[in-house]
file work17.cif (mmCIF, C-alpha atoms)
data_structure
#
loop_
_atom_site.group_PDB
_atom_site.id
_atom_site.type_symbol
_atom_site.label_atom_id
_atom_site.label_comp_id
_atom_site.auth_asym_id
_atom_site.auth_seq_id
_atom_site.Cartn_x
_atom_site.Cartn_y
_atom_site.Cartn_z
ATOM 1 C CA MET A 1211 0.000 0.000 0.000
ATOM 2 C CA ASN A 1212 1.501 3.350 -0.906
ATOM 3 C CA GLU A 1213 1.814 6.375 1.404
ATOM 4 C CA ASP A 1214 -1.010 8.424 -0.154
ATOM 5 C CA ARG A 1215 -3.468 5.569 0.173
ATOM 6 C CA LYS A 1216 -2.426 5.036 3.816
ATOM 7 C CA ARG A 1217 -2.859 8.729 4.554
ATOM 8 C CA ILE A 1218 -6.373 8.779 3.064
ATOM 9 C CA LEU A 1219 -7.403 5.699 5.019
ATOM 10 C CA GLY A 1220 -5.833 7.189 8.153
ATOM 11 C CA MET A 1221 -7.888 10.372 7.701
ATOM 12 C CA LEU A 1222 -10.997 8.238 7.275
ATOM 13 C CA ALA A 1223 -10.198 6.261 10.439
ATOM 14 C CA GLU A 1224 -9.656 9.485 12.378
ATOM 15 C CA GLY A 1225 -12.990 10.774 11.167
ATOM 16 C CA LYS A 1226 -11.442 13.767 9.401
ATOM 17 C CA ILE A 1227 -13.134 12.789 6.121
ATOM 18 C CA THR A 1228 -16.267 10.842 5.282
ATOM 19 C CA ALA A 1229 -16.332 7.485 3.474
ATOM 20 C CA ASP A 1230 -17.584 9.217 0.291
ATOM 21 C CA GLU A 1231 -14.756 11.739 0.426
ATOM 22 C CA ALA A 1232 -12.233 8.941 0.965
ATOM 23 C CA ASP A 1233 -13.688 7.058 -1.991
ATOM 24 C CA LEU A 1234 -13.400 10.170 -4.149
ATOM 25 C CA LEU A 1235 -9.794 10.747 -3.066
ATOM 26 C CA LEU A 1236 -8.854 7.117 -3.737
ATOM 27 C CA ASP A 1237 -10.432 7.316 -7.191
ATOM 28 C CA SER A 1238 -8.512 10.461 -8.058
ATOM 29 C CA LEU A 1239 -5.339 8.878 -6.700
ATOM 30 C CA GLU A 1240 -5.761 5.886 -9.014
ATOM 31 C CA SER A 1241 -6.526 7.999 -12.060
ATOM 32 C CA GLY A 1242 -3.470 10.147 -11.280
ATOM 33 C CA ALA A 1243 -1.293 7.038 -11.051
ATOM 34 C CA GLU A 1244 -2.592 5.833 -14.403
ATOM 35 C CA ALA A 1245 -1.736 9.160 -15.997
ATOM 36 C CA ALA A 1246 1.782 9.051 -14.569
ATOM 37 C CA ALA A 1247 2.354 5.439 -15.613
ATOM 38 C CA PRO A 1248 4.170 4.652 -18.868
ATOM 39 C CA SER A 1249 2.053 5.234 -21.942
ATOM 40 C CA THR A 1250 0.239 2.314 -23.409
ATOM 41 C CA ALA A 1251 0.949 0.986 -26.887
ATOM 42 C CA SER A 1252 -1.986 2.766 -28.434
ATOM 43 C CA SER A 1253 -0.904 6.179 -27.207
ATOM 44 C CA ALA A 1254 2.734 5.753 -28.220
ATOM 45 C CA SER A 1255 3.956 8.238 -30.798
ATOM 46 C CA SER A 1256 0.476 9.597 -31.307
ATOM 47 C CA ASP A 1257 1.911 12.655 -33.041
ATOM 48 C CA TRP A 1258 3.449 10.505 -35.773
ATOM 49 C CA PRO A 1259 1.729 9.916 -39.102
ATOM 50 C CA THR A 1260 -0.342 6.762 -39.289
ATOM 51 C CA GLY A 1261 0.533 5.906 -42.871
ATOM 52 C CA PRO A 1262 2.529 6.903 -45.926
ATOM 53 C CA SER A 1263 2.259 10.507 -47.077
ATOM 54 C CA VAL A 1264 0.141 10.985 -50.180
ATOM 55 C CA SER A 1265 2.153 13.847 -51.649
ATOM 56 C CA GLY A 1266 5.550 15.502 -51.516
ATOM 57 C CA THR A 1267 8.911 14.027 -50.743
ATOM 58 C CA PRO A 1268 8.887 11.909 -47.586
ATOM 59 C CA LYS A 1269 11.166 13.117 -44.796
ATOM 60 C CA PHE A 1270 11.244 10.182 -42.417
ATOM 61 C CA MET A 1271 11.029 6.411 -42.471
ATOM 62 C CA TYR A 1272 8.817 5.028 -39.715
ATOM 63 C CA VAL A 1273 9.065 1.529 -38.295
ATOM 64 C CA LYS A 1274 6.290 0.582 -35.898
ATOM 65 C CA VAL A 1275 6.281 -2.687 -34.038
ATOM 66 C CA THR A 1276 3.188 -3.446 -31.987
ATOM 67 C CA GLY A 1277 2.405 -6.514 -29.977
ATOM 68 C CA LYS A 1278 3.406 -7.408 -26.460
ATOM 69 C CA ASP A 1279 5.887 -4.557 -26.533
ATOM 70 C CA THR A 1280 5.807 -1.491 -28.729
ATOM 71 C CA VAL A 1281 8.790 -0.128 -30.601
ATOM 72 C CA ASP A 1282 8.586 2.975 -32.759
ATOM 73 C CA VAL A 1283 11.546 4.151 -34.788
ATOM 74 C CA LYS A 1284 11.729 7.334 -36.829
ATOM 75 C CA VAL A 1285 14.752 7.632 -39.116
ATOM 76 C CA PRO A 1286 15.455 10.695 -41.258
ATOM 77 C CA LEU A 1287 15.489 9.787 -44.943
ATOM 78 C CA ALA A 1288 18.487 12.108 -45.300
ATOM 79 C CA LEU A 1289 20.392 9.317 -43.596
ATOM 80 C CA LEU A 1290 19.262 6.862 -46.270
ATOM 81 C CA ARG A 1291 20.046 9.375 -49.017
ATOM 82 C CA THR A 1292 23.577 9.924 -47.720
ATOM 83 C CA GLY A 1293 24.055 6.205 -47.202
ATOM 84 C CA LEU A 1294 23.056 5.480 -50.785
ATOM 85 C CA LYS A 1295 25.384 8.197 -52.054
ATOM 86 C CA LEU A 1296 28.150 6.729 -49.951
ATOM 87 C CA THR A 1297 27.779 3.352 -51.677
ATOM 88 C CA SER A 1298 29.039 4.914 -54.909
ATOM 89 C CA LEU A 1299 32.220 5.964 -53.071
ATOM 90 C CA ILE A 1300 33.041 2.611 -51.539
ATOM 91 C CA PRO A 1301 36.270 1.175 -53.005
ATOM 92 C CA PRO A 1302 35.564 -1.543 -55.627
ATOM 93 C CA GLN A 1303 37.334 -4.286 -53.645
ATOM 94 C CA ALA A 1304 35.272 -3.500 -50.538
ATOM 95 C CA MET A 1305 32.101 -3.328 -52.641
ATOM 96 C CA ASP A 1306 32.769 -6.792 -54.050
ATOM 97 C CA GLN A 1307 33.170 -8.138 -50.517
ATOM 98 C CA ILE A 1308 29.953 -6.442 -49.409
ATOM 99 C CA ASN A 1309 28.017 -7.892 -52.361
ATOM 100 C CA GLU A 1310 29.499 -11.321 -51.705
ATOM 101 C CA SER A 1311 28.548 -11.193 -48.002
ATOM 102 C CA MET A 1312 25.041 -10.030 -48.879
ATOM 103 C CA GLY A 1313 24.721 -12.844 -51.407
ATOM 104 C CA GLU A 1314 25.746 -15.388 -48.759
ATOM 105 C CA ARG A 1315 22.909 -14.107 -46.580
ATOM 106 C CA GLY A 1316 20.363 -14.453 -49.353
ATOM 107 C CA MET A 1317 20.361 -10.841 -50.516
ATOM 108 C CA SER A 1318 21.496 -11.079 -54.112
ATOM 109 C CA PHE A 1319 21.527 -7.356 -54.609
ATOM 110 C CA ASP A 1320 24.362 -5.566 -56.377
ATOM 111 C CA LEU A 1321 25.025 -2.210 -54.724
ATOM 112 C CA ASN A 1322 26.909 -1.144 -57.857
ATOM 113 C CA ASN A 1323 23.514 -0.848 -59.538
ATOM 114 C CA ILE A 1324 22.586 2.125 -57.364
ATOM 115 C CA LYS A 1325 23.570 5.219 -59.287
ATOM 116 C CA PRO A 1326 23.744 8.631 -57.573
ATOM 117 C CA GLU A 1327 21.375 10.092 -60.181
ATOM 118 C CA ASP A 1328 18.696 7.542 -59.222
ATOM 119 C CA ILE A 1329 18.775 8.269 -55.489
ATOM 120 C CA GLU A 1330 16.189 11.069 -55.510
ATOM 121 C CA ASP A 1331 13.807 8.900 -57.540
ATOM 122 C CA ILE A 1332 14.282 6.065 -55.068
ATOM 123 C CA ILE A 1333 13.560 8.395 -52.125
ATOM 124 C CA THR A 1334 10.475 9.866 -53.811
ATOM 125 C CA SER A 1335 9.097 6.453 -54.708
ATOM 126 C CA LEU A 1336 9.433 5.378 -51.072
ATOM 127 C CA ARG A 1337 6.313 7.496 -50.519
ATOM 128 C CA GLU A 1338 4.281 4.698 -52.061
ATOM 129 C CA MET A 1339 5.993 1.962 -50.100
ATOM 130 C CA GLU A 1340 4.344 0.311 -47.150
ATOM 131 C CA VAL A 1341 5.407 -2.949 -45.568
ATOM 132 C CA ASN A 1342 3.086 -4.792 -43.199
ATOM 133 C CA VAL A 1343 4.237 -7.931 -41.443
ATOM 134 C CA HIS A 1344 1.988 -9.948 -39.140
ATOM 135 C CA SER A 1345 4.095 -12.454 -37.279
ATOM 136 C CA GLY A 1346 2.820 -15.684 -35.800
ATOM 137 C CA ASP A 1347 3.473 -14.546 -32.233
ATOM 138 C CA GLY A 1348 1.129 -11.610 -32.581
ATOM 139 C CA ASP A 1349 3.577 -8.849 -33.424
ATOM 140 C CA ASP A 1350 2.692 -6.443 -36.206
ATOM 141 C CA ILE A 1351 5.443 -4.590 -38.039
ATOM 142 C CA ARG A 1352 4.756 -1.607 -40.261
ATOM 143 C CA VAL A 1353 7.324 0.256 -42.315
ATOM 144 C CA PHE A 1354 6.429 3.362 -44.286
ATOM 145 C CA CYS A 1355 7.780 6.770 -45.228
ATOM 146 C CA ALA A 1356 6.089 10.104 -44.692
ATOM 147 C CA MET B 1045 28.089 23.487 -43.929
ATOM 148 C CA ASN B 1046 25.124 23.032 -41.612
ATOM 149 C CA ALA B 1047 24.526 19.663 -43.268
ATOM 150 C CA TYR B 1048 27.842 18.455 -41.862
ATOM 151 C CA LEU B 1049 27.067 19.356 -38.233
ATOM 152 C CA PRO B 1050 27.148 16.223 -36.076
ATOM 153 C CA PRO B 1051 24.429 15.712 -33.465
ATOM 154 C CA LEU B 1052 24.308 18.267 -30.659
ATOM 155 C CA VAL B 1053 22.561 16.328 -27.936
ATOM 156 C CA ILE B 1054 21.340 12.792 -27.408
ATOM 157 C CA ASP B 1055 18.339 12.741 -25.105
ATOM 158 C CA VAL B 1056 17.594 9.465 -23.350
ATOM 159 C CA ARG B 1057 14.483 9.179 -21.176
ATOM 160 C CA VAL B 1058 13.663 6.085 -19.169
ATOM 161 C CA ARG B 1059 10.479 5.679 -17.151
ATOM 162 C CA GLU B 1060 9.684 2.581 -15.170
ATOM 163 C CA GLU B 1061 6.488 1.697 -13.404
ATOM 164 C CA ASN B 1062 7.915 0.804 -10.000
ATOM 165 C CA ALA B 1063 11.097 2.804 -10.060
ATOM 166 C CA ARG B 1064 12.138 6.381 -10.426
ATOM 167 C CA GLY B 1065 12.768 7.238 -14.055
ATOM 168 C CA PHE B 1066 15.666 9.237 -15.322
ATOM 169 C CA ARG B 1067 16.614 11.454 -18.206
ATOM 170 C CA ILE B 1068 20.074 11.968 -19.657
ATOM 171 C CA TRP B 1069 20.999 14.773 -21.994
ATOM 172 C CA PHE B 1070 24.222 13.482 -23.464
ATOM 173 C CA PRO B 1071 26.072 16.589 -24.702
ATOM 174 C CA PHE B 1072 27.461 15.199 -27.921
ATOM 175 C CA PHE B 1073 28.720 18.661 -28.857
ATOM 176 C CA LEU B 1074 31.428 18.239 -26.214
ATOM 177 C CA LEU B 1075 32.920 15.574 -28.485
ATOM 178 C CA TRP B 1076 33.023 17.941 -31.449
ATOM 179 C CA PRO B 1077 36.602 19.137 -30.777
ATOM 180 C CA LEU B 1078 37.688 15.493 -30.728
ATOM 181 C CA LEU B 1079 35.814 14.866 -33.991
ATOM 182 C CA VAL B 1080 37.388 17.937 -35.601
ATOM 183 C CA ILE B 1081 40.848 16.622 -34.751
ATOM 184 C CA LEU B 1082 39.981 13.080 -35.868
ATOM 185 C CA PHE B 1083 38.337 14.057 -39.140
ATOM 186 C CA GLY B 1084 40.951 16.751 -39.808
ATOM 187 C CA PHE B 1085 43.715 14.188 -39.474
ATOM 188 C CA MET B 1086 41.824 11.668 -41.606
ATOM 189 C CA LEU B 1087 41.132 14.239 -44.316
ATOM 190 C CA VAL B 1088 44.821 15.153 -44.564
ATOM 191 C CA VAL B 1089 45.802 11.490 -44.816
ATOM 192 C CA THR B 1090 43.100 10.617 -47.352
ATOM 193 C CA ALA B 1091 43.898 13.719 -49.443
ATOM 194 C CA LEU B 1092 47.518 12.593 -49.638
ATOM 195 C CA VAL B 1093 46.444 9.045 -50.514
ATOM 196 C CA ASP B 1094 44.096 10.365 -53.226
ATOM 197 C CA LEU B 1095 46.896 12.522 -54.664
ATOM 198 C CA ALA B 1096 49.201 9.523 -54.716
ATOM 199 C CA LEU B 1097 46.504 7.428 -56.420
ATOM 200 C CA LEU B 1098 45.899 10.225 -58.926
ATOM 201 C CA ALA B 1099 49.616 10.381 -59.720
ATOM 202 C CA SER B 1100 49.760 6.618 -60.152
ATOM 203 C CA GLY B 1101 46.766 6.686 -62.497
ATOM 204 C CA ALA B 1102 44.489 4.567 -60.311
ATOM 205 C CA ARG B 1103 40.802 4.639 -61.224
ATOM 206 C CA TYR B 1104 39.582 4.828 -57.635
ATOM 207 C CA ARG B 1105 40.706 7.932 -55.724
ATOM 208 C CA HIS B 1106 37.739 8.936 -53.566
ATOM 209 C CA TYR B 1107 38.927 8.284 -50.022
ATOM 210 C CA THR B 1108 38.557 11.970 -49.089
ATOM 211 C CA LEU B 1109 34.967 11.986 -50.338
ATOM 212 C CA LEU B 1110 34.375 8.759 -48.412
ATOM 213 C CA VAL B 1111 35.490 10.422 -45.147
ATOM 214 C CA LEU B 1112 33.332 13.478 -45.873
ATOM 215 C CA GLY B 1113 30.424 11.116 -46.627
ATOM 216 C CA ALA B 1114 30.937 9.386 -43.280
ATOM 217 C CA LEU B 1115 30.822 12.789 -41.552
ATOM 218 C CA ARG B 1116 27.638 13.627 -43.448
ATOM 219 C CA LEU B 1117 26.161 10.271 -42.426
ATOM 220 C CA LEU B 1118 26.867 11.089 -38.781
ATOM 221 C CA ALA B 1119 25.230 14.521 -39.223
ATOM 222 C CA ASP B 1120 22.152 12.981 -40.834
ATOM 223 C CA THR B 1121 21.394 10.914 -37.750
ATOM 224 C CA ARG B 1122 19.885 14.102 -36.284
ATOM 225 C CA GLY B 1123 16.136 13.716 -36.034
ATOM 226 C CA THR B 1124 16.267 10.014 -35.242
ATOM 227 C CA ASN B 1125 13.787 8.965 -32.592
ATOM 228 C CA VAL B 1126 13.415 5.553 -30.991
ATOM 229 C CA LYS B 1127 10.640 4.676 -28.561
ATOM 230 C CA ALA B 1128 10.402 1.329 -26.861
ATOM 231 C CA ILE B 1129 7.426 0.667 -24.628
ATOM 232 C CA SER B 1130 6.828 -2.446 -22.610
ATOM 233 C CA ASP B 1131 4.368 -3.193 -19.826
ATOM 234 C CA ASP B 1132 6.571 -1.680 -17.144
ATOM 235 C CA SER B 1133 8.961 0.663 -18.900
ATOM 236 C CA HIS B 1134 9.105 3.416 -21.458
ATOM 237 C CA ILE B 1135 12.386 4.282 -23.175
ATOM 238 C CA ASN B 1136 12.753 7.199 -25.529
ATOM 239 C CA VAL B 1137 15.902 8.181 -27.393
ATOM 240 C CA ASP B 1138 16.108 11.393 -29.420
ATOM 241 C CA ILE B 1139 19.073 12.592 -31.419
ATOM 242 C CA TYR B 1140 19.119 16.357 -31.958
#
call {"tool": "encode", "arguments": {"input": "work17.cif", "output": "structure tokens"}}
result
Amino acid sequence: MNEDRKRILGMLAEGKITADEADLLLDSLESGAEAAAPSTASSASSDWPTGPSVSGTPKFMYVKVTGKDTVDVKVPLALLRTGLKLTSLIPPQAMDQINESMGERGMSFDLNNIKPEDIEDIITSLREMEVNVHSGDGDDIRVFCA
Amino acid sequence: MNAYLPPLVIDVRVREENARGFRIWFPFFLLWPLLVILFGFMLVVTALVDLALLASGARYRHYTLLVLGALRLLADTRGTNVKAISDDSHINVDIY
């Protein structure tokens, strides 16, 4: 039992407050505790967009994981843009090793195919991308850009 | 030039149901002098390497641009936000 609850019950026992007043105080104490408690999954990141933007160039990539726990990640697309540009500057030997390692992990994707002039088109087209994954253990994963 | 500014502050907030939460403002800008020295040194070295590669006629001579790109990548982490919420805790990380 916490201190506030004890104090209210003590005041009731001493006759300083009535049973109705004690009930009211206990109710307000509980609602105050709920407000101070960590936010629930549904209220997490409520100021974030709920889906892909319909127009303009997206600014952020959002990853939302909901289930038992909630994880929300907001990554600036400038980071992706710079990362893609950086791939064209990676030394050829290192690039070959990267492609080989990716291939070994089932990602047969040649980073040499990403040209700097295509990056803006890639970023803009991300606006239409939305990935929804429903896992067997009840977790939902959403990835979109807005 | 603003595009190359590394993060200023990393804000970490932790709230737990049955414990006192805490908030840390990690002043990343205090590391800037160290980064200036590190990147300055790296840029000098890579510029010399690129000049040597240019003189030798090598096709790849972009190590200086690679270092600048890495600095830009660090700067572009600003605006990243991670929130992890479980039944009894709430963790929020912001990079400004």
call {"tool": "closest_residue", "arguments": {"input": "work17.cif", "among": "B:Ala1102, B:Ala1119, B:Val1053, B:Val1080", "to": "Pro1302 (chain A)", "atoms": "only C-alpha atoms"}}
result
B:Ala1102
call {"tool": "closest_atom_pairs", "arguments": {"input": "work17.cif", "of": "chain A", "to": "chain B", "cutoff": "7 Å", "atoms": "all atoms listed in the file", "output": "tab-separated table"}}
result
residue	atom	partner	partner_atom	distance
A:Ala1247	CA	B:Glu1061	CA	6.0
A:Pro1248	CA	B:His1134	CA	5.7
A:Ala1251	CA	B:Ile1129	CA	6.9
A:Asp1279	CA	B:Ser1130	CA	4.6
A:Thr1280	CA	B:Ile1129	CA	4.9
A:Val1281	CA	B:Ala1128	CA	4.3
A:Asp1282	CA	B:Lys1127	CA	5.0
A:Val1283	CA	B:Val1126	CA	4.5
A:Lys1284	CA	B:Asn1125	CA	5.0
A:Val1285	CA	B:Thr1124	CA	4.8
A:Pro1286	CA	B:Gly1123	CA	6.1
A:Ala1288	CA	B:Asp1120	CA	5.8
A:Leu1289	CA	B:Asp1120	CA	4.9
A:Thr1292	CA	B:Leu1117	CA	5.9
A:Gly1293	CA	B:Leu1117	CA	6.6
A:Leu1296	CA	B:Gly1113	CA	6.0
A:Leu1299	CA	B:Leu1110	CA	5.8
A:Pro1301	CA	B:Tyr1104	CA	6.8
call {"tool": "write_last_selection", "arguments": {"input": "work17.cif", "atoms": "C-alpha atoms", "output": "PDB file, keeping the file's coordinate frame"}}
result
ATOM      1  CA  ALA A1247       2.354   5.439 -15.613  1.00  0.00           C
ATOM      2  CA  PRO A1248       4.170   4.652 -18.868  1.00  0.00           C
ATOM      3  CA  ALA A1251       0.949   0.986 -26.887  1.00  0.00           C
ATOM      4  CA  ASP A1279       5.887  -4.557 -26.533  1.00  0.00           C
ATOM      5  CA  THR A1280       5.807  -1.491 -28.729  1.00  0.00           C
ATOM      6  CA  VAL A1281       8.790  -0.128 -30.601  1.00  0.00           C
ATOM      7  CA  ASP A1282       8.586   2.975 -32.759  1.00  0.00           C
ATOM      8  CA  VAL A1283      11.546   4.151 -34.788  1.00  0.00           C
ATOM      9  CA  LYS A1284      11.729   7.334 -36.829  1.00  0.00           C
ATOM     10  CA  VAL A1285      14.752   7.632 -39.116  1.00  0.00           C
ATOM     11  CA  PRO A1286      15.455  10.695 -41.258  1.00  0.00           C
ATOM     12  CA  ALA A1288      18.487  12.108 -45.300  1.00  0.00           C
ATOM     13  CA  LEU A1289      20.392   9.317 -43.596  1.00  0.00           C
ATOM     14  CA  THR A1292      23.577   9.924 -47.720  1.00  0.00           C
ATOM     15  CA  GLY A1293      24.055   6.205 -47.202  1.00  0.00           C
ATOM     16  CA  LEU A1296      28.150   6.729 -49.951  1.00  0.00           C
ATOM     17  CA  LEU A1299      32.220   5.964 -53.071  1.00  0.00           C
ATOM     18  CA  PRO A1301      36.270   1.175 -53.005  1.00  0.00           C
TER      19      PRO A1301
END
call {"tool": "atom_distance", "arguments": {"input": "work17.cif", "atom1": "CA of Ser1345 (chain A)", "atom2": "CA of Val1273 (chain A)"}}
result
14.9 Å
call {"tool": "atom_distance", "arguments": {"input": "work17.cif", "atom1": "CA of Pro1051 (chain B)", "atom2": "CA of Phe1073 (chain B)"}}
result
7.0 Å
call {"tool": "atom_distance", "arguments": {"input": "work17.cif", "atom1": "CA of Ala1304 (chain A)", "atom2": "CA of Leu1098 (chain B)"}}
result
19.3 Å
call {"tool": "axis_aligned_box", "arguments": {"input": "work17.cif", "around": "region 1107-1123 of chain B", "padding_each_side": "5 Å", "output": "lines of an AutoDock Vina configuration file"}}
result
center_x = 27.5
center_y = 11.4
center_z = -43.2
size_x = 32.8
size_y = 16.2
size_z = 24.3
call {"tool": "build_atoms", "arguments": {"input": "work17.cif", "residues": "region 1094-1105 of chain B", "atoms": "N, CA and C atoms", "output": "short mmCIF file (atom, residue, chain, number, x, y, z; two decimals), keeping the file's coordinate frame"}}
result
data_model
loop_
_atom_site.label_atom_id
_atom_site.label_comp_id
_atom_site.auth_asym_id
_atom_site.auth_seq_id
_atom_site.Cartn_x
_atom_site.Cartn_y
_atom_site.Cartn_z
N ASP B 1094 44.77 10.11 -51.94
CA ASP B 1094 44.10 10.36 -53.23
C ASP B 1094 45.05 10.99 -54.25
N LEU B 1095 45.91 11.90 -53.76
CA LEU B 1095 46.90 12.52 -54.66
C LEU B 1095 47.87 11.47 -55.20
N ALA B 1096 48.28 10.59 -54.30
CA ALA B 1096 49.20 9.52 -54.72
C ALA B 1096 48.52 8.60 -55.73
N LEU B 1097 47.25 8.30 -55.49
CA LEU B 1097 46.50 7.43 -56.42
C LEU B 1097 46.30 8.13 -57.76
N LEU B 1098 46.07 9.44 -57.69
CA LEU B 1098 45.90 10.22 -58.93
C LEU B 1098 47.19 10.20 -59.75
N ALA B 1099 48.31 10.37 -59.04
CA ALA B 1099 49.62 10.38 -59.72
C ALA B 1099 49.93 9.03 -60.33
N SER B 1100 49.46 7.97 -59.64
CA SER B 1100 49.76 6.62 -60.15
C SER B 1100 48.75 6.18 -61.22
N GLY B 1101 47.74 6.99 -61.44
CA GLY B 1101 46.77 6.69 -62.50
C GLY B 1101 45.69 5.70 -62.10
N ALA B 1102 45.52 5.51 -60.78
CA ALA B 1102 44.49 4.57 -60.31
C ALA B 1102 43.10 5.12 -60.62
N ARG B 1103 42.17 4.20 -60.89
CA ARG B 1103 40.80 4.64 -61.22
C ARG B 1103 40.06 5.12 -59.98
N TYR B 1104 40.28 4.44 -58.85
CA TYR B 1104 39.58 4.83 -57.64
C TYR B 1104 40.46 5.77 -56.80
N ARG B 1105 39.97 6.98 -56.57
CA ARG B 1105 40.71 7.93 -55.72
C ARG B 1105 39.69 8.83 -54.99
#
